[in-house]
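In what follows, a structure is listed as C-alpha cells, so that the remarks can point back to it.
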Amino acid sequence: MAVVLLPSLLAREAGGEGRFETDASTVREALQGLPIRDLLFDERGTLRPLVNVYVDRTPVDDLGAPLEPSAEIRLVAAVAGG
Amino acid sequence: MGAAVLVGTQKGLFVLTGDETRREWSVEGPHLTGWEVFHAMRDPRTGTLHAATNHAVYGATTHRSGDLGQTWERAGEIGLPEESGLTWEKSWHVEPGHPDEPETLWLGGTPAALFRSGDGGATWAPVQSLLEHPTRDKWNPGAGGLCCHSIQMDPSDPQRVYIAISAAGAFRSDDGGETWEPKNQGVAADFFPDNPFPEVGQCVHKLLLHPARPERLWQQNHCGVYRSDDRGDSWERLEGNGLPSGFGFPIALDPADPDAAWVVPEEGAENRVTPNGRLGIYRTRDAGASWDLLTDGLPQQAWASIKREGMSFDRLDPAGIYLGTQSGSVFVSPDAGESWLEAASFLPTILSVEACEWQ
C-alpha cells in the first residue's frame, strides 16, 4: 500500500491522523480519497496552487501519474504567508 | 451565565471570558490554530460556536464546536456551481437563521456569495438567486474583495433577510432568499463621480438591523453613516453633526435602545486610522442627530484601525460594547461606552469580535 503523509494542520483536520494508507492507482485518486480533500482541491477539482505534492521526495505536477504500491506521498504547503 | 467575547484573529480564535462586572477578563485559546478567523459567533439558539475560517493554502470553510471550543468539526466541502464560473474564495460571516429555524444558518463571503445551511452548519448550499442577480455585472470588489459580509434576519418575519456586499450595496429579500432587491436609495457612492447615487455599487462596510425595531437599519458605509426606518427603502445620511469623518468600518447597536449606535470613524479612505492621533468611539442616543466622543479609558495616543467585524455589543443592561484593534487589543466598555478597559493586548491581528453569553 502507498502512504500519504500530512502536515500537522491537515492531520488535525483529518481527526488527528497524519498517515493514510491507500491502494489508489494515481496520485489524484489517493488525494481525492482523503478526508481533507476539500482543503487540497477547490470545487472544480483543481489542486490549490500553494499545495505541493511530493512522491518519494520528488515534486509531482501530473496528478494522473501511476502510483506505485510502495510510494510515499508527502503534502507540503508552499512557503508563504506571514 | 457570564459574558464572553469571541475574538477572531489572523492566527486563530481567542475567547475572552468576563466576570459579572465585565471589568475582569481572562483569555483562553487560541483555538483553530493556523486558521484565519474572519468571524465567529455563538448561536444563541443552540449554544454551538461557529467560525468563518480561511487559510492561504487550504482555502475557505467553516468550523463549528458543540463543546465551547474543546473540539471542532469542519463543514463539508463548500463550493459554487460550475455554471456560475466562480469559485469560493473567502468565508466572511456566519449568521444564525430565524429563531423558529434552529438548524438554519447563513454564510456570506467572497466572491459576493451567500450559502444557507439547513443542518446546523454541517453542510452549506449556495443561494443561487444571488449568483444570478441581474445587477451582478455592476458590482465591483472593495479593498477586501467582493465580499458579502453582513447578513441580518428580521425577527418579525422569517422570510425577510438583509445582506450587504462591498461594493454592491444593501439588498433585501422578502421571500427567504429567492429574490433580492437593491436597497440603496439615498446612499452615496462618491467614488462614481458620474453617478454618485447608483442603484447598486455602494460600498457598505457593515449593516445591522435593530432587533427591537426591525424596520430600522443602520449602516457604516465607505461614504458615510446611514439609518433607514423603512426596511431599507430609503436611507438618511447622519454624519456632519459631531462625527469627525463619515468613513469607518464597524457599527454597534444597543438592543434596548433603537436610537443608540456606536461607530469608530477613521480619517478617510486614503488614511485608514482613527483621527486626531487617538482612539475615540462616537455614540449617538438620538438616532444619529448628534454624536458624542467617548475616550475614558481608551489610549489618548493611538493610530488604530478596526475591521468591519471589529466591534460588538451584548444584551446586558447597560449595554457592553467591545472593540478589537488590528494591533491586537480588545477594549471593553461595561457601561455603554462611558468608560473603557483593555481586556487583552498583543493578540494577533484582530479580524472580528462577537459578544455572547458563556457558561
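Chain labels follow the order of the C-alpha cells: the first chain is A, the next B, and so on; residue numbering restarts at 1 in every chain, and ligands are counted from 1 in their shown order.
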Write out as JSON lines a residue-level contact list of chain A versus chain B with cut-off 7 Å: for each qualifying residue the closest pair of atoms and the distance in Å to one decimal, counting only C-alpha atoms, rows sorted by chain and residue number upward.
{"residue": "A:Leu9", "atom": "CA", "partner": "B:Gly34", "partner_atom": "CA", "distance": 6.9}
{"residue": "A:Asp38", "atom": "CA", "partner": "B:Glu77", "partner_atom": "CA", "distance": 5.5}
{"residue": "A:Leu39", "atom": "CA", "partner": "B:Tyr58", "partner_atom": "CA", "distance": 4.6}
{"residue": "A:Leu40", "atom": "CA", "partner": "B:Tyr58", "partner_atom": "CA", "distance": 6.1}
{"residue": "A:Glu43", "atom": "CA", "partner": "B:Gly79", "partner_atom": "CA", "distance": 5.1}
{"residue": "A:Arg48", "atom": "CA", "partner": "B:Val57", "partner_atom": "CA", "distance": 7.0}
{"residue": "A:Leu50", "atom": "CA", "partner": "B:Val57", "partner_atom": "CA", "distance": 5.2}
{"residue": "A:Val51", "atom": "CA", "partner": "B:Val57", "partner_atom": "CA", "distance": 6.4}
{"residue": "A:Ala77", "atom": "CA", "partner": "B:Val57", "partner_atom": "CA", "distance": 6.6}
Could the residues in this selection be written to a file with N, CA and C atoms, as an mmCIF file, in the first residue's frame?
data_model
loop_
_atom_site.group_PDB
_atom_site.id
_atom_site.type_symbol
_atom_site.label_atom_id
_atom_site.label_comp_id
_atom_site.auth_asym_id
_atom_site.auth_seq_id
_atom_site.Cartn_x
_atom_site.Cartn_y
_atom_site.Cartn_z
ATOM 1 N N LEU A 9 -1.403 20.670 10.364
ATOM 2 C CA LEU A 9 -2.738 21.278 10.301
ATOM 3 C C LEU A 9 -3.714 20.339 9.598
ATOM 4 N N ASP A 38 -11.197 18.472 0.461
ATOM 5 C CA ASP A 38 -11.712 19.819 0.188
ATOM 6 C C ASP A 38 -10.668 20.888 0.496
ATOM 7 N N LEU A 39 -9.698 20.574 1.327
ATOM 8 C CA LEU A 39 -8.646 21.539 1.632
ATOM 9 C C LEU A 39 -7.522 21.488 0.591
ATOM 10 N N LEU A 40 -7.478 20.430 -0.189
ATOM 11 C CA LEU A 40 -6.444 20.273 -1.226
ATOM 12 C C LEU A 40 -6.933 20.739 -2.589
ATOM 13 N N GLU A 43 -13.630 23.462 -5.687
ATOM 14 C CA GLU A 43 -14.855 22.777 -6.107
ATOM 15 C C GLU A 43 -14.834 22.341 -7.562
ATOM 16 N N ARG A 48 -5.227 23.178 -5.196
ATOM 17 C CA ARG A 48 -4.977 24.560 -4.774
ATOM 18 C C ARG A 48 -3.517 24.911 -5.076
ATOM 19 N N LEU A 50 -1.075 26.548 -3.833
ATOM 20 C CA LEU A 50 0.027 26.547 -2.871
ATOM 21 C C LEU A 50 0.195 25.193 -2.177
ATOM 22 N N VAL A 51 -0.498 24.176 -2.677
ATOM 23 C CA VAL A 51 -0.301 22.815 -2.159
ATOM 24 C C VAL A 51 0.712 22.109 -3.058
ATOM 25 N N ALA A 77 2.835 22.441 2.265
ATOM 26 C CA ALA A 77 2.335 23.770 1.932
ATOM 27 C C ALA A 77 3.488 24.639 1.454
#
Per-residue DSSP, chain A, filtered to alpha helix (DSSP H), as a PDB file with C-alpha atoms, in the first residue's frame:
ATOM      1  CA  SER A   8       0.154  18.945  11.159  1.00  0.00           C
ATOM      2  CA  LEU A   9      -2.738  21.278  10.301  1.00  0.00           C
ATOM      3  CA  LEU A  10      -4.163  18.813   7.794  1.00  0.00           C
ATOM      4  CA  ALA A  11      -3.662  15.973  10.262  1.00  0.00           C
ATOM      5  CA  ARG A  12      -5.738  17.856  12.838  1.00  0.00           C
ATOM      6  CA  GLU A  13      -8.449  18.403  10.243  1.00  0.00           C
ATOM      7  CA  VAL A  27      -1.791  10.374  -7.069  1.00  0.00           C
ATOM      8  CA  ARG A  28      -5.049  12.252  -7.698  1.00  0.00           C
ATOM      9  CA  GLU A  29      -7.127   9.271  -6.653  1.00  0.00           C
ATOM     10  CA  ALA A  30      -5.083   8.923  -3.490  1.00  0.00           C
ATOM     11  CA  LEU A  31      -5.574  12.573  -2.581  1.00  0.00           C
ATOM     12  CA  GLN A  32      -9.266  12.563  -3.513  1.00  0.00           C
ATOM     13  CA  ARG A  37      -9.688  16.582   0.065  1.00  0.00           C
ATOM     14  CA  ASP A  38     -11.712  19.819   0.188  1.00  0.00           C
ATOM     15  CA  LEU A  39      -8.646  21.539   1.632  1.00  0.00           C
ATOM     16  CA  LEU A  40      -6.444  20.273  -1.226  1.00  0.00           C
TER      17      LEU A  40
END
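Around stretch 71-75 of chain A, within 7 Å and counting only C-alpha atoms, the residues found are Ala2, Val3, Val4, Leu5, Leu6, Pro7, Val51, Asn52, Val53, Tyr54, Val55 and Asp56 of chain A, once anything fewer than 6 positions away on its own chain is removed.
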Keeping only N, CA and C atoms, take the residues you just selected and write them out as an mmCIF file, in the first residue's frame.
data_model
loop_
_atom_site.group_PDB
_atom_site.id
_atom_site.type_symbol
_atom_site.label_atom_id
_atom_site.label_comp_id
_atom_site.auth_asym_id
_atom_site.auth_seq_id
_atom_site.Cartn_x
_atom_site.Cartn_y
_atom_site.Cartn_z
ATOM 1 N N ALA A 2 0.486 2.212 -0.838
ATOM 2 C CA ALA A 2 1.145 3.521 -0.778
ATOM 3 C C ALA A 2 0.672 4.252 0.478
ATOM 4 N N VAL A 3 1.466 5.225 0.900
ATOM 5 C CA VAL A 3 1.064 6.007 2.076
ATOM 6 C C VAL A 3 1.057 7.486 1.720
ATOM 7 N N VAL A 4 0.178 8.226 2.415
ATOM 8 C CA VAL A 4 0.115 9.682 2.285
ATOM 9 C C VAL A 4 0.414 10.272 3.652
ATOM 10 N N LEU A 5 1.357 11.205 3.699
ATOM 11 C CA LEU A 5 1.735 11.856 4.954
ATOM 12 C C LEU A 5 1.279 13.313 4.925
ATOM 13 N N LEU A 6 0.597 13.723 5.981
ATOM 14 C CA LEU A 6 0.004 15.066 6.045
ATOM 15 C C LEU A 6 0.790 15.967 6.985
ATOM 16 N N PRO A 7 0.888 17.260 6.677
ATOM 17 C CA PRO A 7 1.416 18.210 7.666
ATOM 18 C C PRO A 7 0.427 18.359 8.821
ATOM 19 N N VAL A 51 -0.498 24.176 -2.677
ATOM 20 C CA VAL A 51 -0.301 22.815 -2.159
ATOM 21 C C VAL A 51 0.712 22.109 -3.058
ATOM 22 N N ASN A 52 1.820 21.703 -2.490
ATOM 23 C CA ASN A 52 2.854 20.986 -3.239
ATOM 24 C C ASN A 52 2.786 19.501 -2.908
ATOM 25 N N VAL A 53 2.884 18.677 -3.945
ATOM 26 C CA VAL A 53 2.795 17.227 -3.781
ATOM 27 C C VAL A 53 4.142 16.607 -4.148
ATOM 28 N N TYR A 54 4.657 15.773 -3.249
ATOM 29 C CA TYR A 54 5.912 15.053 -3.492
ATOM 30 C C TYR A 54 5.625 13.557 -3.431
ATOM 31 N N VAL A 55 6.152 12.816 -4.388
ATOM 32 C CA VAL A 55 6.098 11.361 -4.346
ATOM 33 C C VAL A 55 7.537 10.858 -4.265
ATOM 34 N N ASP A 56 7.812 10.140 -3.202
ATOM 35 C CA ASP A 56 9.175 9.642 -2.959
ATOM 36 C C ASP A 56 10.191 10.774 -3.104
#
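Near A:Glu68, within a cut-off of 9 Å and counting only C-alpha atoms, sit the residues Met1, Ala2, Ser25 and Thr26 of chain A, with same-chain residues fewer than 5 positions away left out.
All residues of stretch 183-239 of chain B that DSSP, run on the backbone, classes as strand (DSSP E) are Val204, His205, Lys206, Leu207, Leu208, Leu209, Leu217, Trp218, Gln219, Gln220, Asn221, Gly224, Val225, Tyr226, Arg227, Ser228, Glu236 and Arg237 of chain B.
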Restrict the selected residues to N, CA and C atoms and save them as a tab-separated table (two decimals), in the first residue's frame.
chain	number	residue	atom	x	y	z
B	204	VAL	N	-20.93	49.34	1.18
B	204	VAL	CA	-21.35	49.18	2.58
B	204	VAL	C	-20.21	48.50	3.33
B	205	HIS	N	-19.88	49.03	4.48
B	205	HIS	CA	-18.85	48.37	5.29
B	205	HIS	C	-19.46	47.46	6.36
B	206	LYS	N	-20.60	47.85	6.91
B	206	LYS	CA	-21.30	46.96	7.86
B	206	LYS	C	-22.75	47.40	7.93
B	207	LEU	N	-23.66	46.44	7.97
B	207	LEU	CA	-25.10	46.73	8.06
B	207	LEU	C	-25.67	45.95	9.23
B	208	LEU	N	-26.47	46.63	10.07
B	208	LEU	CA	-27.12	45.98	11.21
B	208	LEU	C	-28.59	46.36	11.25
B	209	LEU	N	-29.40	45.44	11.74
B	209	LEU	CA	-30.83	45.65	11.96
B	209	LEU	C	-31.05	45.77	13.46
B	217	LEU	N	-32.73	50.03	10.20
B	217	LEU	CA	-31.41	49.52	9.85
B	217	LEU	C	-30.39	50.64	10.01
B	218	TRP	N	-29.16	50.24	10.29
B	218	TRP	CA	-28.03	51.17	10.34
B	218	TRP	C	-26.96	50.64	9.42
B	219	GLN	N	-26.20	51.53	8.82
B	219	GLN	CA	-25.01	51.07	8.11
B	219	GLN	C	-23.88	52.07	8.22
B	220	GLN	N	-22.69	51.52	8.43
B	220	GLN	CA	-21.46	52.28	8.25
B	220	GLN	C	-20.98	51.99	6.84
B	221	ASN	N	-20.84	53.04	6.07
B	221	ASN	CA	-20.51	52.92	4.65
B	221	ASN	C	-19.16	53.56	4.39
B	224	GLY	N	-20.09	57.41	4.46
B	224	GLY	CA	-21.00	57.95	5.44
B	224	GLY	C	-21.64	56.92	6.35
B	225	VAL	N	-22.32	57.44	7.36
B	225	VAL	CA	-23.11	56.63	8.29
B	225	VAL	C	-24.57	56.89	7.98
B	226	TYR	N	-25.38	55.84	7.92
B	226	TYR	CA	-26.76	55.96	7.47
B	226	TYR	C	-27.72	55.20	8.39
B	227	ARG	N	-28.98	55.67	8.40
B	227	ARG	CA	-30.05	54.98	9.11
B	227	ARG	C	-31.25	54.90	8.17
B	228	SER	N	-31.94	53.77	8.22
B	228	SER	CA	-33.19	53.61	7.48
B	228	SER	C	-34.28	53.22	8.47
B	236	GLU	N	-31.07	57.80	5.39
B	236	GLU	CA	-30.69	59.16	5.77
B	236	GLU	C	-29.23	59.17	6.19
B	237	ARG	N	-28.46	60.12	5.60
B	237	ARG	CA	-27.05	60.25	5.95
B	237	ARG	C	-26.92	61.02	7.26
